[in-house]
Amino acid sequence: QVQLVESGGGLVQAGGSLRLSCAVSGRTFSSYAMGWSRQAPGKEREFVAAISRSGGRTSYADSMKGRFTISRDNAKNTVYLQMNSLKPEDTAVYYCAAVQSLSQTWVPVGQYEYDDWGQGTQVTVSS
């Protein structure tokens, strides 16, 4: 089991940018595939982006492609989500998630594929 702590959320105007960070502790970070999900008020949690344990492969939800970038720094035990061209509909609590992976290239895109979750960080985009 690992502990995940998100940071970097806040209030931003539409068109602006934010970078979320997720610091991971407890196990060998480089053995985990990582992902971001979000949950808006009154809606179900949805997949945002994921990255393989090596960082060599990524996947994005269609509505985030071209605007969001997931990355990781295995030396710092941290995964990032760079969010550009933010829209009011991006307002949500953003959660970081982790799952151990034997594969260097596996990119988990399903909510049920993750074992550990952070507490979330609020992102609010004003119009």
# chains A, B, ... in the order shown; residues from 1 in each chain; ligands from 1

$ closest_atom_pairs --of "region 22-53 of chain A" --to "region 66-72 of chain A" --cutoff "12 Å" --atoms "only C-alpha atoms" --output "tab-separated table"
residue	atom	partner	partner_atom	distance
A:Cys22	CA	A:Arg72	CA	9.3
A:Ala23	CA	A:Arg72	CA	10.1
A:Val24	CA	A:Arg72	CA	10.8
A:Phe29	CA	A:Arg72	CA	9.9
A:Ser30	CA	A:Arg72	CA	9.4
A:Tyr32	CA	A:Arg72	CA	10.8
A:Ala33	CA	A:Arg72	CA	9.9
A:Met34	CA	A:Arg72	CA	8.6
A:Gly35	CA	A:Ile70	CA	8.2
A:Trp36	CA	A:Ile70	CA	8.4
A:Ser37	CA	A:Ile70	CA	11.5
A:Val48	CA	A:Phe68	CA	8.6
A:Ala49	CA	A:Ile70	CA	6.5
A:Ala50	CA	A:Ile70	CA	6.9
A:Ile51	CA	A:Ile70	CA	6.8
A:Ser52	CA	A:Arg72	CA	9.2
A:Arg53	CA	A:Arg72	CA	8.7

$ select_by_dssp --residues "chain A" --states "strand (DSSP E or B)" --output "VMD selection string"
chain A and resid 3 to 7 10 to 13 18 to 25 32 to 39 46 to 51 58 to 60 68 to 73 78 to 83 92 to 100 116 to 117 121 to 126

$ atom_distance --atom1 "CA of Ser54 (chain A)" --atom2 "CA of Cys96 (chain A)"
17.0 Å

$ closest_residue --among "A:Gly9, A:Thr28, A:Gly120, A:Glu89" --to "Ser101 (chain A)" --atoms "only C-alpha atoms"
A:Thr28

$ closest_residue --among "A:Gly110, A:Val79, A:Ser17, A:Thr121" --to "Val93 (chain A)" --atoms "only C-alpha atoms"
A:Thr121

$ closest_residue --among "A:Leu18, A:Met83, A:Ala92, A:Val2" --to "Glu46 (chain A)" --atoms "only C-alpha atoms"
A:Ala92

$ residues_around --residues "Tyr114 (chain A)" --least-positions-apart "6" --cutoff "7 Å" --atoms "only C-alpha atoms" --output "ChimeraX atom specification"
/A:97-99

$ atom_distance --atom1 "CA of Val123 (chain A)" --atom2 "CA of Gly8 (chain A)"
8.5 Å

$ select_by_dssp --residues "region 45-127 of chain A" --states "helix (DSSP H, G or I)" --output "PyMOL selection string"
chain A and resi 62-64+88-90+111-113

$ closest_residue --among "A:Lys87, A:Val107, A:Gly26, A:Ala75" --to "Tyr60 (chain A)" --atoms "only C-alpha atoms"
A:Val107

$ atom_distance --atom1 "CA of Thr124 (chain A)" --atom2 "CA of Pro88 (chain A)"
7.3 Å

$ closest_residue --among "A:Ser127, A:Glu44, A:Ser103, A:Val109" --to "Gly56 (chain A)" --atoms "only C-alpha atoms"
A:Ser103

$ closest_residue --among "A:Leu81, A:Leu86, A:Ala61, A:Ala40" --to "Gln13 (chain A)" --atoms "only C-alpha atoms"
A:Leu86
